[in-house]
Amino acid sequence: MKYRNVIFTAFYLLLQMERGLAQDLDPRAYVWVPVGISILGLGYGYTYGGVLTDPTIPVKDVNATIHTTSLGAAHVFSMFHKTAQISANLPWNWATVTGSVQEAAQRITRNGFGDMRIRYSILLSGGPAANPVEIAKTPQRT
């Protein structure tokens with residue numbers, strides 16, 4: 001009977017693997033933070049390099065330079081006596097792409113908003129809603 005349960009569990013986890021590939025994991029996303037804290041953040045990213053294209057289209061030597069700035073905000077609150085958090089992040093991108101189209105050199109610049117991210121989380125285990133003093137009194141575990 002145990003052997004059948006192990007096989008069933010392994011098969012189920014294999015079926016769920018595709019969903020796991022699509023997850024976006026943020027480090028420290030589910031950390032215990034005092035209730036009432038609001039966070040504002042600003043970020044910048046720079047990416048450059050060659051772009052892979054379909055060899056059947058008449059585009060060659062494509063290179064891109066992409067700048068991204070982002071503004072994010074988060075707020076921590078209590079929900080069902082647990083620590084909950086809502087956050088939003090809005091990026092602004094601008095890019096310059098160069099390459100040759102049918103042997104003619106081309107350059108194009110584009111800018112605009114990226115995909116906005118909104119996240120809601122609640123710590124179901126180990127994160128009771130607490131203020132900074134209560135969190136400081138909690139014994140640390142390793």
# chains A, B, ... in the order shown; residues from 1 in each chain; ligands from 1
$ residues_around --residues "stretch 32-43 of chain A" --least-positions-apart "6" --cutoff "7 Å" --atoms "only C-alpha atoms" --output "list of chain:residue names"
A:Thr69, A:Ser70, A:Leu71, A:Gly72, A:Ala73, A:Ala74, A:His75, A:Val76, A:Phe77, A:Ser78, A:Thr83, A:Gly127, A:Ala129, A:Ala130, A:Asn131, A:Pro132
$ select_by_dssp --residues "stretch 4-124 of chain A" --states "strand (DSSP E)" --output "NGL selection string"
:A and (38-50 or 59-79 or 82-101 or 104-113 or 117-122)
$ closest_residue --among "A:Arg119, A:Ala136, A:Gly49, A:Gly112" --to "A:Gly99" --atoms "only C-alpha atoms"
A:Gly49
$ residues_around --residues "A:Thr68" --least-positions-apart "5" --cutoff "12 Å" --atoms "only C-alpha atoms" --output "list of chain:residue names"
A:Leu42, A:Gly43, A:Tyr44, A:Gly45, A:Tyr46, A:Thr47, A:Tyr48, A:Leu90, A:Pro91, A:Trp92, A:Asn93, A:Trp94, A:Ala95, A:Arg110, A:Asn111, A:Gly112, A:Phe113, A:Gly114, A:Asp115
$ closest_residue --among "A:Ala10, A:Val51, A:Ala64, A:Ala84" --to "A:Ser125" --atoms "only C-alpha atoms"
A:Ala84
$ closest_residue --among "A:Lys137, A:Glu103, A:Asn89, A:Arg117" --to "A:Pro58" --atoms "only C-alpha atoms"
A:Glu103
$ residues_around --residues "A:Val62" --least-positions-apart "5" --cutoff "10 Å" --atoms "only C-alpha atoms" --output "PyMOL selection string"
chain A and resi 49-53+97-101+105-107
$ write_last_selection --atoms "C-alpha atoms" --output "mmCIF file, in the first residue's frame"
data_model
loop_
_atom_site.group_PDB
_atom_site.id
_atom_site.type_symbol
_atom_site.label_atom_id
_atom_site.label_comp_id
_atom_site.auth_asym_id
_atom_site.auth_seq_id
_atom_site.Cartn_x
_atom_site.Cartn_y
_atom_site.Cartn_z
ATOM 1 C CA GLY A 49 23.547 42.199 -26.069
ATOM 2 C CA GLY A 50 22.706 40.277 -29.181
ATOM 3 C CA VAL A 51 19.178 39.152 -29.996
ATOM 4 C CA LEU A 52 18.484 35.722 -31.460
ATOM 5 C CA THR A 53 16.145 35.889 -34.437
ATOM 6 C CA VAL A 97 17.651 48.109 -31.121
ATOM 7 C CA THR A 98 20.054 48.034 -34.073
ATOM 8 C CA GLY A 99 20.446 45.533 -36.881
ATOM 9 C CA SER A 100 20.310 45.053 -40.606
ATOM 10 C CA VAL A 101 17.033 44.465 -42.428
ATOM 11 C CA ALA A 105 21.315 49.139 -41.349
ATOM 12 C CA GLN A 106 18.387 50.101 -39.118
ATOM 13 C CA ARG A 107 18.010 51.616 -35.660
#
$ atom_distance --atom1 "atom CA of A:Ser121" --atom2 "atom CA of A:Gln140"
22.8 Å
$ residues_around --residues "A:Ile118" --least-positions-apart "2" --cutoff "9 Å" --atoms "only C-alpha atoms" --output "PyMOL selection string"
chain A and resi 86-90+116+120
$ write_last_selection --atoms "N, CA and C atoms" --output "short mmCIF file (atom, residue, chain, number, x, y, z; two decimals), in the first residue's frame"
data_model
loop_
_atom_site.label_atom_id
_atom_site.label_comp_id
_atom_site.auth_asym_id
_atom_site.auth_seq_id
_atom_site.Cartn_x
_atom_site.Cartn_y
_atom_site.Cartn_z
N ILE A 86 0.52 43.52 0.71
CA ILE A 86 0.15 43.79 -0.68
C ILE A 86 1.24 44.68 -1.26
N SER A 87 1.65 44.38 -2.48
CA SER A 87 2.70 45.17 -3.11
C SER A 87 2.41 45.34 -4.59
N ALA A 88 2.95 46.41 -5.14
CA ALA A 88 2.79 46.70 -6.57
C ALA A 88 4.12 47.24 -7.09
N ASN A 89 4.43 46.92 -8.34
CA ASN A 89 5.66 47.36 -8.98
C ASN A 89 5.33 47.74 -10.42
N LEU A 90 5.71 48.95 -10.81
CA LEU A 90 5.44 49.44 -12.16
C LEU A 90 6.75 49.82 -12.84
N MET A 116 2.86 45.61 -15.14
CA MET A 116 2.73 45.91 -13.72
C MET A 116 2.55 44.61 -12.94
N TYR A 120 -0.27 39.83 -3.52
CA TYR A 120 -0.88 39.78 -2.19
C TYR A 120 -0.37 38.50 -1.54
#
$ select_by_dssp --residues "chain A" --states "alpha helix (DSSP H)" --output "MDAnalysis selection string"
chainID A and resid 2:21 132:137
$ write_last_selection --atoms "C-alpha atoms" --output "PDB file, in the first residue's frame"
ATOM      1  CA  LYS A   2       2.831   2.424   0.882  1.00  0.00           C
ATOM      2  CA  TYR A   3       4.532   1.685  -2.439  1.00  0.00           C
ATOM      3  CA  ARG A   4       1.384   2.681  -4.346  1.00  0.00           C
ATOM      4  CA  ASN A   5       1.139   5.958  -2.390  1.00  0.00           C
ATOM      5  CA  VAL A   6       4.753   6.811  -3.218  1.00  0.00           C
ATOM      6  CA  ILE A   7       4.157   6.178  -6.932  1.00  0.00           C
ATOM      7  CA  PHE A   8       0.937   8.212  -6.884  1.00  0.00           C
ATOM      8  CA  THR A   9       2.659  11.110  -5.103  1.00  0.00           C
ATOM      9  CA  ALA A  10       5.617  11.059  -7.514  1.00  0.00           C
ATOM     10  CA  PHE A  11       3.280  10.997 -10.523  1.00  0.00           C
ATOM     11  CA  TYR A  12       1.241  13.895  -9.115  1.00  0.00           C
ATOM     12  CA  LEU A  13       4.375  15.970  -8.508  1.00  0.00           C
ATOM     13  CA  LEU A  14       5.569  15.305 -12.061  1.00  0.00           C
ATOM     14  CA  LEU A  15       2.246  16.591 -13.395  1.00  0.00           C
ATOM     15  CA  GLN A  16       2.647  19.768 -11.327  1.00  0.00           C
ATOM     16  CA  MET A  17       6.188  20.421 -12.560  1.00  0.00           C
ATOM     17  CA  GLU A  18       5.035  22.501 -15.532  1.00  0.00           C
ATOM     18  CA  ARG A  19       3.245  24.908 -13.181  1.00  0.00           C
ATOM     19  CA  GLY A  20       6.383  25.237 -11.110  1.00  0.00           C
ATOM     20  CA  LEU A  21       8.365  26.381 -14.135  1.00  0.00           C
ATOM     21  CA  PRO A 132       7.910  45.840  15.990  1.00  0.00           C
ATOM     22  CA  VAL A 133       8.137  45.485  19.802  1.00  0.00           C
ATOM     23  CA  GLU A 134       6.435  42.069  19.755  1.00  0.00           C
ATOM     24  CA  ILE A 135       8.697  40.845  16.963  1.00  0.00           C
ATOM     25  CA  ALA A 136      11.806  42.030  18.850  1.00  0.00           C
ATOM     26  CA  LYS A 137      10.711  40.030  21.940  1.00  0.00           C
TER      27      LYS A 137
END
